[in-house]
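Engineer: Structure provided below as structure tokens; questions to follow.
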Amino acid sequence: MARMRFMHTAVIALALCAGVDVAAGPAASPAVPYDWRNVTLGGGGFAPGIVFSTAERGLAYLRTDMGGAYRWDATRARWLPLQDDEAEPSYMGIESIAPDPVDADIVYMAAGMSARMPAAIFRSADRGATWRKTAVPFAMGGNEDGRGMGERLAIDPNAPATLLFGSRHDGLWRSDDSAATWHKVVGFPLAGLGKPDRPRTTHGGLSFVLFDKAKRGRIYVASADPGARHLFRSDDGGTSWRVIAGGPSADLLPVKGVVGRDGVLTITYCDYIGPNGIKRGEVWRFDPAKGAWRDVTPLKGAAVVPGGYMGVAVAASDANVLAVATVNRYQGGDTVWRSYDAGRTWRELSRTSTRDVSATPFLDFDKKANFGHWIAGLAIDPFDVGHAAYVTGATMYATDGFDQPGTMRWAPWTKGIEQTAVITLVSPTGGAHLVSGYGDLGGFRHDDLTVSPPRVHLNPFLTNTNSLDYAGAAPAVMVRSGNTHKPVVPDTSLAWSGNGGTSWQPLRVPPSESSGSEPPPERTGNAAITVSADGSTFVVETTRPILTRDRGRTWAPIRGLPSRVRVTADKADAARFYAIDFAADRLVRSDDGGATFHSIAGTGLPVDLSGARAVGREAANPLVATPGRAGALWLLVGSELYRSTDFGERWERATSGIAITRYGLGKGAADARWPALYAIGQRGDTKGVFRSLDGGAGWRRINDDAHQWGLRLRMVSGDPRLFGRVYVATDGRGILYGDPKEGAK
């Protein structure tokens, strides 16, 4: 146990006599049954691949880069998440997915987030309701560069127990027992480049594998690694291979391919594996009967716009009907092209299309919804040439008029999909029960958890919201900070709201000092902001912390507050603010509305407070004030939670038998002394979401094995107005909210 600040034994005795809870060992309490639902947004993230089943009409699968896989359920008319029971974070990044071409109940997928995380091939005989997994020795990159390529996993339509997988780093792999076991195809010409030796780097590897159903034994495999050999063919089921010469210049990499019913291969090419960093691309077709290549790129010569081509599809009923999509084209945005004559002529669909985003109106952002960006996935329904879909970095669009002339209507096809990374959230004491901060999307005020919000946080629009706070006694006043995708925020990284996040006003601060070569934190979005309990004072954690009491018209320096620390406002007493001075391992407090800070005793806290710093670097502040109760504080140091009821002067350890990584407060049980505590943590061998109603002495799990969401959990908070309600921010599955099942306590 860490050394504790001095506390006289008489204080402990007095606490026991007064009936104060002292942390005890873990009780053998059963789990509390909870109902879990997604907060509705609708899509929201990058889903690199959409694949229709060729065995059953109305069946499709979607793979995402960090939120697992989904299946379209035509009966329910919604997408169903297939991995909410997953406990391995890496398996939420889906490298490839393959529905069986013969048996509609069978589906396979390759899962693995990155080269340094576990990888496995999943197989299901009930459409993904349950899975069996085979851990594999080759690494994947479901959330790395190149995730839009594919599909890497393919099933032999004439011998469906045989599968091939084109890996990023270790060549071609084969299974002949329905993915239960795998062995490397030693005769394949490319053995792979091996795992990268530097962090955050990857290889393109074998970008796609295709079986030609009409030619038994014919297989195509493409390589997106540098070199002169990019396309290979086997006509004997993979025993021998030969290079297919020709096609575009060797510096272009094959990223996706399809085979039509006529046996002709259509391939999209880029100069990088993407989705970022692509500047050039082409589309080519290879006719094996003629041994001939043809360049069918829609835009050529002076009309070329920087970017590449990635999404590609061919109609099952007519091999002359093709579609290709651009990727990473920032001048004018990405688009889809359609051809009725095998690529001789093309129609650009973005120019003659409309987007109906009424079901997910946030897609308008601060202007009219565009056609999309990062269109890596594109598919035509094999049973209905009029039904097509494409993915973007924020949603998936579908149309039922793909085969029609004139204006084409597209609408988000995302009911049931929640594929977002949530950075922070708050549940205020008034107004909307939930206000969120997302990565890439900014964040939202959620007036109805079952309806997609009408707009993102605007004025300014910041792609990432990094901190959110509300005034505990005046919750209509809120503040936020965030960043854009640029190194320096173009205008301001701060904003405030007087109506609970319905609308916002920009908040500009005086220029502050840079730290070495780094811009000041308010320019990068790293300066958090805090609001007093009455909403009158804003504290901004710039290089030299400052405050305003007039909504940013004037600013004053704060004395005694160290640089770049997280500040917590008392939720009931407007004069009090708190922070941790890590350099001196001490707690500091302001009693004059933030003007000055001074050291306080912090009796009972560990001498070393560096464990709180590790949490404080993330969006979750380790120091939390209790709504409605002045001076009631909670502090997470390492994995242990401490509490104070006297404005931080004295503390006691509240927990035992649980290792906490994140925590939050909610409305306590009737007549309870303490607020309800919610924690992301580990108790024994069990990781999950836990609740305590007795100040941290006893904890009960409130999620279950069916609701683990890859354990990619970023933040948790209770609701100060609804007993039992809890919000969980995930990294890939959006926001989940839970309520005790009827009859549960």
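Labels for the structure tokens follow display order: chains A, B, ..., residues from 1 in each chain, ligands from 1.
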Would you mind listing what lies within 10 Å of A:Arg57 as a list in words, with only C-alpha atoms counted and same-chain residues fewer than 6 positions away left out?
Structural biologist: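 Listed by chain and then number, they are Ala74, Ala104, Asp381, Pro382, Phe383 and Asp384 of chain A.
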Engineer: List every residue of stretch 99-305 of chain A that DSSP, applied to the backbone, labels as strand (DSSP E or B), and write the result as a PDB file with C-alpha atoms, in the first residue's frame.
Structural biologist:
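Final output, out00.pdb:
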ATOM      1  CA  PRO A  99     -20.349 -14.585 -45.994  1.00  0.00           C
ATOM      2  CA  VAL A 107     -20.034 -16.279 -42.166  1.00  0.00           C
ATOM      3  CA  TYR A 108     -16.325 -15.759 -41.495  1.00  0.00           C
ATOM      4  CA  MET A 109     -14.289 -12.742 -40.500  1.00  0.00           C
ATOM      5  CA  ALA A 110     -10.685 -11.810 -39.835  1.00  0.00           C
ATOM      6  CA  ALA A 111     -10.227  -9.690 -36.718  1.00  0.00           C
ATOM      7  CA  ALA A 120      -7.996 -14.393 -35.037  1.00  0.00           C
ATOM      8  CA  ILE A 121     -10.256 -15.838 -37.704  1.00  0.00           C
ATOM      9  CA  PHE A 122     -13.876 -16.036 -36.565  1.00  0.00           C
ATOM     10  CA  ARG A 123     -16.431 -18.515 -37.933  1.00  0.00           C
ATOM     11  CA  SER A 124     -20.158 -18.665 -37.318  1.00  0.00           C
ATOM     12  CA  ARG A 132     -15.843 -19.783 -32.758  1.00  0.00           C
ATOM     13  CA  LYS A 133     -12.372 -18.300 -32.960  1.00  0.00           C
ATOM     14  CA  THR A 134      -9.016 -19.531 -34.142  1.00  0.00           C
ATOM     15  CA  ALA A 135      -6.050 -17.457 -32.983  1.00  0.00           C
ATOM     16  CA  GLY A 150      -9.936  -6.111 -49.657  1.00  0.00           C
ATOM     17  CA  LEU A 153     -10.618 -13.285 -46.806  1.00  0.00           C
ATOM     18  CA  ALA A 154     -12.247 -15.390 -49.529  1.00  0.00           C
ATOM     19  CA  ILE A 155     -14.223 -18.646 -49.752  1.00  0.00           C
ATOM     20  CA  LEU A 163     -10.702 -20.409 -47.521  1.00  0.00           C
ATOM     21  CA  LEU A 164      -7.733 -18.218 -48.375  1.00  0.00           C
ATOM     22  CA  PHE A 165      -6.521 -15.193 -46.446  1.00  0.00           C
ATOM     23  CA  GLY A 166      -4.109 -12.612 -47.824  1.00  0.00           C
ATOM     24  CA  LEU A 172      -0.973 -16.212 -48.232  1.00  0.00           C
ATOM     25  CA  TRP A 173      -2.724 -18.589 -45.801  1.00  0.00           C
ATOM     26  CA  ARG A 174      -5.162 -21.447 -46.409  1.00  0.00           C
ATOM     27  CA  SER A 175      -7.739 -23.447 -44.495  1.00  0.00           C
ATOM     28  CA  HIS A 183      -1.381 -23.159 -42.866  1.00  0.00           C
ATOM     29  CA  LYS A 184       0.797 -20.949 -45.000  1.00  0.00           C
ATOM     30  CA  LEU A 206      -1.924  -9.073 -50.004  1.00  0.00           C
ATOM     31  CA  SER A 207      -4.778  -6.674 -50.585  1.00  0.00           C
ATOM     32  CA  PHE A 208      -7.470  -8.978 -51.969  1.00  0.00           C
ATOM     33  CA  VAL A 209      -8.210 -12.598 -52.830  1.00  0.00           C
ATOM     34  CA  LEU A 210     -10.796 -13.571 -55.463  1.00  0.00           C
ATOM     35  CA  PHE A 211     -12.186 -16.918 -56.597  1.00  0.00           C
ATOM     36  CA  ILE A 219      -7.881 -17.658 -58.014  1.00  0.00           C
ATOM     37  CA  TYR A 220      -6.545 -14.112 -58.129  1.00  0.00           C
ATOM     38  CA  VAL A 221      -4.390 -12.576 -55.375  1.00  0.00           C
ATOM     39  CA  ALA A 222      -3.146  -8.975 -55.397  1.00  0.00           C
ATOM     40  CA  SER A 223      -0.190  -7.442 -53.586  1.00  0.00           C
ATOM     41  CA  LEU A 231      -1.208  -9.532 -59.430  1.00  0.00           C
ATOM     42  CA  PHE A 232      -1.039 -13.336 -59.327  1.00  0.00           C
ATOM     43  CA  ARG A 233      -3.224 -16.092 -60.734  1.00  0.00           C
ATOM     44  CA  SER A 234      -3.683 -19.761 -60.078  1.00  0.00           C
ATOM     45  CA  ARG A 242       2.050 -17.059 -62.030  1.00  0.00           C
ATOM     46  CA  VAL A 243       2.364 -13.311 -62.319  1.00  0.00           C
ATOM     47  CA  LEU A 253      -0.982  -0.533 -55.995  1.00  0.00           C
ATOM     48  CA  PRO A 254      -4.056  -2.760 -56.473  1.00  0.00           C
ATOM     49  CA  VAL A 255      -6.377  -2.073 -53.537  1.00  0.00           C
ATOM     50  CA  LYS A 256      -9.700  -3.732 -54.425  1.00  0.00           C
ATOM     51  CA  GLY A 257     -10.973  -6.048 -57.116  1.00  0.00           C
ATOM     52  CA  VAL A 258     -14.086  -7.870 -58.337  1.00  0.00           C
ATOM     53  CA  VAL A 259     -14.731 -10.620 -60.882  1.00  0.00           C
ATOM     54  CA  LEU A 265     -11.416  -8.696 -63.407  1.00  0.00           C
ATOM     55  CA  THR A 266     -11.927  -5.000 -62.453  1.00  0.00           C
ATOM     56  CA  ILE A 267      -9.314  -3.464 -60.141  1.00  0.00           C
ATOM     57  CA  THR A 268      -8.968  -0.080 -58.471  1.00  0.00           C
ATOM     58  CA  TYR A 269      -5.460   1.285 -57.946  1.00  0.00           C
ATOM     59  CA  CYS A 270      -3.908   3.904 -55.673  1.00  0.00           C
ATOM     60  CA  GLY A 281      -5.265   6.355 -58.821  1.00  0.00           C
ATOM     61  CA  GLU A 282      -6.630   4.480 -61.812  1.00  0.00           C
ATOM     62  CA  VAL A 283      -9.139   1.761 -62.705  1.00  0.00           C
ATOM     63  CA  TRP A 284      -8.162  -1.174 -64.938  1.00  0.00           C
ATOM     64  CA  ARG A 285      -9.858  -4.300 -66.285  1.00  0.00           C
ATOM     65  CA  PHE A 286      -8.178  -7.599 -67.137  1.00  0.00           C
ATOM     66  CA  ASP A 287      -9.834 -10.081 -69.506  1.00  0.00           C
ATOM     67  CA  ALA A 292      -5.557  -8.166 -72.268  1.00  0.00           C
ATOM     68  CA  TRP A 293      -5.692  -5.122 -70.004  1.00  0.00           C
ATOM     69  CA  ARG A 294      -7.827  -2.010 -70.517  1.00  0.00           C
ATOM     70  CA  ASP A 295      -7.605   1.328 -68.720  1.00  0.00           C
TER      71      ASP A 295
END
Engineer: Please compute the atom CA of A:Val509-atom CA of A:Glu522 distance, one decimal, in Å.
Structural biologist: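 Computing the Euclidean distance for atom CA of A:Val509 and atom CA of A:Glu522 yields 7.9 Å.
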Engineer: Which distance in Å separates atom CA of A:His169 and atom CA of A:Ala60, to one decimal?
Structural biologist: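 These atoms are spaced 28.6 Å apart.
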Engineer: By how many Å are atom CA of A:Ala676 and atom CA of A:Arg37 apart?
Structural biologist: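 So the two atoms, atom CA of A:Ala676 and atom CA of A:Arg37, lie 20.1 Å apart.
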Engineer: Just want the 9 Å neighbourhood of stretch 439-444 of chain A, counted on only C-alpha atoms, with same-chain residues fewer than 6 positions away dropped. Output as a PyMOL selection string.
Structural biologist: chain A and resi 44-45+362+365+394+420-425+453-458+461-466+482-485+501-502
Engineer: Check the DSSP output for the backbone and give back, as a list in words, the residues of stretch 499-600 of chain A in helix (DSSP H, G or I).
Structural biologist: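 Taking stretch 499-600 of chain A and keeping helix (DSSP H, G or I) only, one gets Pro521, Glu522, Arg523 and Thr524 of chain A.
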Engineer: Would you mind exporting the chosen residues as a PDB file, in the first residue's frame, restricted to N, CA and C atoms?
Structural biologist:
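New file part39.pdb:
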ATOM      1  N   PRO A 521      -1.277  25.680 -25.622  1.00  0.00           N
ATOM      2  CA  PRO A 521      -2.341  24.661 -25.581  1.00  0.00           C
ATOM      3  C   PRO A 521      -3.688  25.133 -26.096  1.00  0.00           C
ATOM      4  N   GLU A 522      -3.999  26.414 -25.933  1.00  0.00           N
ATOM      5  CA  GLU A 522      -5.289  26.878 -26.426  1.00  0.00           C
ATOM      6  C   GLU A 522      -5.335  26.919 -27.949  1.00  0.00           C
ATOM      7  N   ARG A 523      -4.171  26.879 -28.618  1.00  0.00           N
ATOM      8  CA  ARG A 523      -4.142  26.842 -30.064  1.00  0.00           C
ATOM      9  C   ARG A 523      -4.255  25.420 -30.597  1.00  0.00           C
ATOM     10  N   THR A 524      -3.871  24.437 -29.793  1.00  0.00           N
ATOM     11  CA  THR A 524      -3.928  23.045 -30.235  1.00  0.00           C
ATOM     12  C   THR A 524      -5.174  22.321 -29.743  1.00  0.00           C
TER      13      THR A 524
END
Engineer: Write out as a list in words the residues lying within 7 Å of stretch 347-360 of chain A, counting only C-alpha atoms and excluding same-chain residues fewer than 2 positions away.
Structural biologist: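 Those residues are Leu41, Gly42, Thr335, Val336, Trp337, Arg338, Ser339, Phe362, Leu363, Phe371, Gly406, Thr407, Met408, Arg409, Trp410, Ala411, Pro412 and Ser452 of chain A.
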Engineer: Counting only C-alpha atoms, what is within 10 Å of A:Phe577, bar same-chain residues fewer than 3 positions away, as an mmCIF file with all heavy atoms, in the first residue's frame?
Structural biologist:
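Below is the file that was written, around37.cif:
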data_model
loop_
_atom_site.group_PDB
_atom_site.id
_atom_site.type_symbol
_atom_site.label_atom_id
_atom_site.label_comp_id
_atom_site.auth_asym_id
_atom_site.auth_seq_id
_atom_site.Cartn_x
_atom_site.Cartn_y
_atom_site.Cartn_z
ATOM 1 N N THR A 530 -13.014 24.933 -17.355
ATOM 2 C CA THR A 530 -13.853 24.555 -16.218
ATOM 3 C C THR A 530 -14.756 25.730 -15.872
ATOM 4 O O THR A 530 -14.343 26.893 -15.989
ATOM 5 C CB THR A 530 -12.972 24.193 -15.008
ATOM 6 O OG1 THR A 530 -12.019 23.199 -15.400
ATOM 7 C CG2 THR A 530 -13.801 23.657 -13.856
ATOM 8 N N VAL A 531 -15.980 25.453 -15.411
ATOM 9 C CA VAL A 531 -16.927 26.501 -15.053
ATOM 10 C C VAL A 531 -17.332 26.361 -13.588
ATOM 11 O O VAL A 531 -17.483 25.246 -13.078
ATOM 12 C CB VAL A 531 -18.170 26.472 -15.969
ATOM 13 C CG1 VAL A 531 -18.879 25.127 -15.921
ATOM 14 C CG2 VAL A 531 -19.139 27.595 -15.645
ATOM 15 N N SER A 532 -17.485 27.499 -12.914
ATOM 16 C CA SER A 532 -17.873 27.508 -11.500
ATOM 17 C C SER A 532 -19.301 27.018 -11.326
ATOM 18 O O SER A 532 -20.085 26.943 -12.279
ATOM 19 C CB SER A 532 -17.729 28.908 -10.919
ATOM 20 O OG SER A 532 -18.583 29.814 -11.606
ATOM 21 N N ALA A 533 -19.659 26.699 -10.098
ATOM 22 C CA ALA A 533 -20.975 26.123 -9.810
ATOM 23 C C ALA A 533 -22.111 27.047 -10.218
ATOM 24 O O ALA A 533 -23.191 26.580 -10.610
ATOM 25 C CB ALA A 533 -21.083 25.777 -8.328
ATOM 26 N N VAL A 539 -12.500 29.011 -15.976
ATOM 27 C CA VAL A 539 -11.068 28.837 -15.767
ATOM 28 C C VAL A 539 -10.509 28.065 -16.957
ATOM 29 O O VAL A 539 -11.012 26.989 -17.299
ATOM 30 C CB VAL A 539 -10.782 28.084 -14.456
ATOM 31 C CG1 VAL A 539 -9.295 27.734 -14.353
ATOM 32 C CG2 VAL A 539 -11.222 28.906 -13.261
ATOM 33 N N VAL A 567 -8.432 21.325 -13.653
ATOM 34 C CA VAL A 567 -9.129 22.009 -12.564
ATOM 35 C C VAL A 567 -10.525 21.423 -12.422
ATOM 36 O O VAL A 567 -11.191 21.134 -13.420
ATOM 37 C CB VAL A 567 -9.198 23.525 -12.825
ATOM 38 C CG1 VAL A 567 -10.013 24.231 -11.739
ATOM 39 C CG2 VAL A 567 -7.796 24.110 -12.897
ATOM 40 N N THR A 568 -10.959 21.243 -11.176
ATOM 41 C CA THR A 568 -12.308 20.761 -10.881
ATOM 42 C C THR A 568 -13.055 21.832 -10.107
ATOM 43 O O THR A 568 -12.535 22.363 -9.115
ATOM 44 C CB THR A 568 -12.261 19.468 -10.047
ATOM 45 O OG1 THR A 568 -11.619 18.445 -10.812
ATOM 46 C CG2 THR A 568 -13.662 19.006 -9.668
ATOM 47 N N ALA A 569 -14.257 22.149 -10.554
ATOM 48 C CA ALA A 569 -15.096 23.108 -9.834
ATOM 49 C C ALA A 569 -16.000 22.368 -8.870
ATOM 50 O O ALA A 569 -16.549 21.314 -9.198
ATOM 51 C CB ALA A 569 -15.935 23.921 -10.817
ATOM 52 N N ASP A 570 -16.127 22.913 -7.675
ATOM 53 C CA ASP A 570 -17.123 22.394 -6.741
ATOM 54 C C ASP A 570 -18.493 22.536 -7.401
ATOM 55 O O ASP A 570 -18.805 23.564 -8.001
ATOM 56 C CB ASP A 570 -17.057 23.188 -5.432
ATOM 57 C CG ASP A 570 -17.780 22.506 -4.297
ATOM 58 O OD1 ASP A 570 -19.018 22.346 -4.399
ATOM 59 O OD2 ASP A 570 -17.126 22.135 -3.303
ATOM 60 N N LYS A 571 -19.323 21.504 -7.293
ATOM 61 C CA LYS A 571 -20.614 21.541 -7.984
ATOM 62 C C LYS A 571 -21.704 22.277 -7.201
ATOM 63 O O LYS A 571 -22.815 22.457 -7.717
ATOM 64 C CB LYS A 571 -21.083 20.119 -8.301
ATOM 65 C CG LYS A 571 -20.290 19.439 -9.418
ATOM 66 C CD LYS A 571 -20.377 20.207 -10.713
ATOM 67 C CE LYS A 571 -19.634 19.524 -11.847
ATOM 68 N NZ LYS A 571 -19.539 20.385 -13.048
ATOM 69 N N ASP A 573 -20.595 24.957 -4.445
ATOM 70 C CA ASP A 573 -20.017 26.179 -3.900
ATOM 71 C C ASP A 573 -19.245 26.886 -5.001
ATOM 72 O O ASP A 573 -18.182 26.437 -5.429
ATOM 73 C CB ASP A 573 -19.087 25.822 -2.735
ATOM 74 C CG ASP A 573 -18.555 27.046 -2.016
ATOM 75 O OD1 ASP A 573 -18.569 28.147 -2.604
ATOM 76 O OD2 ASP A 573 -18.099 26.904 -0.861
ATOM 77 N N ALA A 574 -19.765 28.033 -5.448
ATOM 78 C CA ALA A 574 -19.179 28.728 -6.594
ATOM 79 C C ALA A 574 -17.806 29.309 -6.305
ATOM 80 O O ALA A 574 -17.072 29.649 -7.240
ATOM 81 C CB ALA A 574 -20.119 29.838 -7.058
ATOM 82 N N VAL A 588 -4.318 21.538 -4.281
ATOM 83 C CA VAL A 588 -4.497 22.983 -4.111
ATOM 84 C C VAL A 588 -5.966 23.326 -4.296
ATOM 85 O O VAL A 588 -6.714 22.618 -4.984
ATOM 86 C CB VAL A 588 -3.620 23.782 -5.098
ATOM 87 C CG1 VAL A 588 -2.142 23.570 -4.793
ATOM 88 C CG2 VAL A 588 -3.924 23.413 -6.538
ATOM 89 N N ARG A 589 -6.360 24.423 -3.667
ATOM 90 C CA ARG A 589 -7.783 24.817 -3.681
ATOM 91 C C ARG A 589 -7.892 26.335 -3.774
ATOM 92 O O ARG A 589 -7.044 27.065 -3.266
ATOM 93 C CB ARG A 589 -8.471 24.332 -2.404
ATOM 94 C CG ARG A 589 -9.990 24.573 -2.366
ATOM 95 C CD ARG A 589 -10.575 24.089 -1.056
ATOM 96 N NE ARG A 589 -10.240 24.960 0.064
ATOM 97 C CZ ARG A 589 -10.065 24.549 1.322
ATOM 98 N NH1 ARG A 589 -10.195 23.253 1.620
ATOM 99 N NH2 ARG A 589 -9.766 25.410 2.278
ATOM 100 N N SER A 590 -8.939 26.775 -4.421
ATOM 101 C CA SER A 590 -9.276 28.191 -4.445
ATOM 102 C C SER A 590 -10.548 28.401 -3.638
ATOM 103 O O SER A 590 -11.527 27.651 -3.796
ATOM 104 C CB SER A 590 -9.484 28.686 -5.876
ATOM 105 O OG SER A 590 -9.942 30.020 -5.885
ATOM 106 N N ASP A 591 -10.519 29.420 -2.793
ATOM 107 C CA ASP A 591 -11.700 29.777 -1.996
ATOM 108 C C ASP A 591 -12.277 31.118 -2.413
ATOM 109 O O ASP A 591 -13.208 31.620 -1.761
ATOM 110 C CB ASP A 591 -11.330 29.821 -0.503
ATOM 111 C CG ASP A 591 -10.788 28.497 -0.004
ATOM 112 O OD1 ASP A 591 -11.312 27.447 -0.420
ATOM 113 O OD2 ASP A 591 -9.813 28.508 0.780
ATOM 114 N N ASP A 592 -11.722 31.703 -3.471
ATOM 115 C CA ASP A 592 -12.161 33.031 -3.897
ATOM 116 C C ASP A 592 -12.569 33.038 -5.367
ATOM 117 O O ASP A 592 -12.268 33.974 -6.110
ATOM 118 C CB ASP A 592 -11.068 34.067 -3.628
ATOM 119 C CG ASP A 592 -9.733 33.705 -4.277
ATOM 120 O OD1 ASP A 592 -9.699 32.739 -5.066
ATOM 121 O OD2 ASP A 592 -8.727 34.381 -3.994
ATOM 122 N N GLY A 593 -13.219 31.977 -5.783
ATOM 123 C CA GLY A 593 -13.726 31.923 -7.149
ATOM 124 C C GLY A 593 -12.667 31.749 -8.204
ATOM 125 O O GLY A 593 -12.873 32.128 -9.361
ATOM 126 N N GLY A 594 -11.511 31.173 -7.844
ATOM 127 C CA GLY A 594 -10.473 30.876 -8.814
ATOM 128 C C GLY A 594 -9.375 31.900 -8.921
ATOM 129 O O GLY A 594 -8.413 31.686 -9.668
ATOM 130 N N ALA A 595 -9.467 33.009 -8.196
ATOM 131 C CA ALA A 595 -8.450 34.052 -8.314
ATOM 132 C C ALA A 595 -7.100 33.578 -7.806
ATOM 133 O O ALA A 595 -6.061 33.857 -8.411
ATOM 134 C CB ALA A 595 -8.895 35.306 -7.571
ATOM 135 N N THR A 596 -7.122 32.867 -6.678
ATOM 136 C CA THR A 596 -5.876 32.349 -6.106
ATOM 137 C C THR A 596 -6.090 30.912 -5.653
ATOM 138 O O THR A 596 -7.204 30.525 -5.269
ATOM 139 C CB THR A 596 -5.419 33.191 -4.903
ATOM 140 O OG1 THR A 596 -6.420 33.125 -3.873
ATOM 141 C CG2 THR A 596 -5.178 34.633 -5.300
ATOM 142 N N PHE A 597 -5.003 30.153 -5.688
ATOM 143 C CA PHE A 597 -5.015 28.776 -5.191
ATOM 144 C C PHE A 597 -3.971 28.649 -4.090
ATOM 145 O O PHE A 597 -2.899 29.280 -4.145
ATOM 146 C CB PHE A 597 -4.701 27.786 -6.313
ATOM 147 C CG PHE A 597 -5.880 27.463 -7.199
ATOM 148 C CD1 PHE A 597 -6.331 28.393 -8.132
ATOM 149 C CD2 PHE A 597 -6.523 26.237 -7.109
ATOM 150 C CE1 PHE A 597 -7.406 28.103 -8.959
ATOM 151 C CE2 PHE A 597 -7.599 25.937 -7.924
ATOM 152 C CZ PHE A 597 -8.047 26.867 -8.849
ATOM 153 N N ALA A 625 -16.232 16.313 -8.349
ATOM 154 C CA ALA A 625 -17.037 16.899 -7.282
ATOM 155 C C ALA A 625 -18.454 16.344 -7.332
ATOM 156 O O ALA A 625 -19.015 16.117 -8.404
ATOM 157 C CB ALA A 625 -17.060 18.419 -7.416
ATOM 158 N N GLY A 631 -18.107 20.678 -1.163
ATOM 159 C CA GLY A 631 -16.945 20.090 -0.513
ATOM 160 C C GLY A 631 -16.825 18.594 -0.605
ATOM 161 O O GLY A 631 -15.871 18.018 -0.069
ATOM 162 N N PHE A 647 -13.968 19.573 1.718
ATOM 163 C CA PHE A 647 -13.296 20.429 0.737
ATOM 164 C C PHE A 647 -11.845 20.015 0.489
ATOM 165 O O PHE A 647 -11.004 20.831 0.156
ATOM 166 C CB PHE A 647 -13.371 21.897 1.164
ATOM 167 C CG PHE A 647 -14.773 22.396 1.361
ATOM 168 C CD1 PHE A 647 -15.384 22.330 2.611
ATOM 169 C CD2 PHE A 647 -15.496 22.907 0.295
ATOM 170 C CE1 PHE A 647 -16.680 22.772 2.792
ATOM 171 C CE2 PHE A 647 -16.799 23.356 0.466
ATOM 172 C CZ PHE A 647 -17.401 23.281 1.713
#
Engineer: Got a sec: who's within 7 Å of A:Arg549, counting only C-alpha atoms, leaving out chain neighbours fewer than 5 positions off, as a list in words?
Structural biologist: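 So the residues in contact are Ser536, Thr537 and Phe538 of chain A.
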Engineer: Those residues you just picked out, can you put them in a file as a CSV table (one decimal), in the first residue's frame with N, CA and C atoms?
Structural biologist:
chain,number,residue,atom,x,y,z
A,536,SER,N,-20.6,31.6,-13.4
A,536,SER,CA,-20.1,33.0,-13.6
A,536,SER,C,-18.7,33.0,-13.9
A,537,THR,N,-17.9,32.0,-13.6
A,537,THR,CA,-16.4,32.0,-13.8
A,537,THR,C,-16.0,30.9,-14.7
A,538,PHE,N,-15.2,31.2,-15.7
A,538,PHE,CA,-14.6,30.2,-16.5
A,538,PHE,C,-13.1,30.2,-16.2
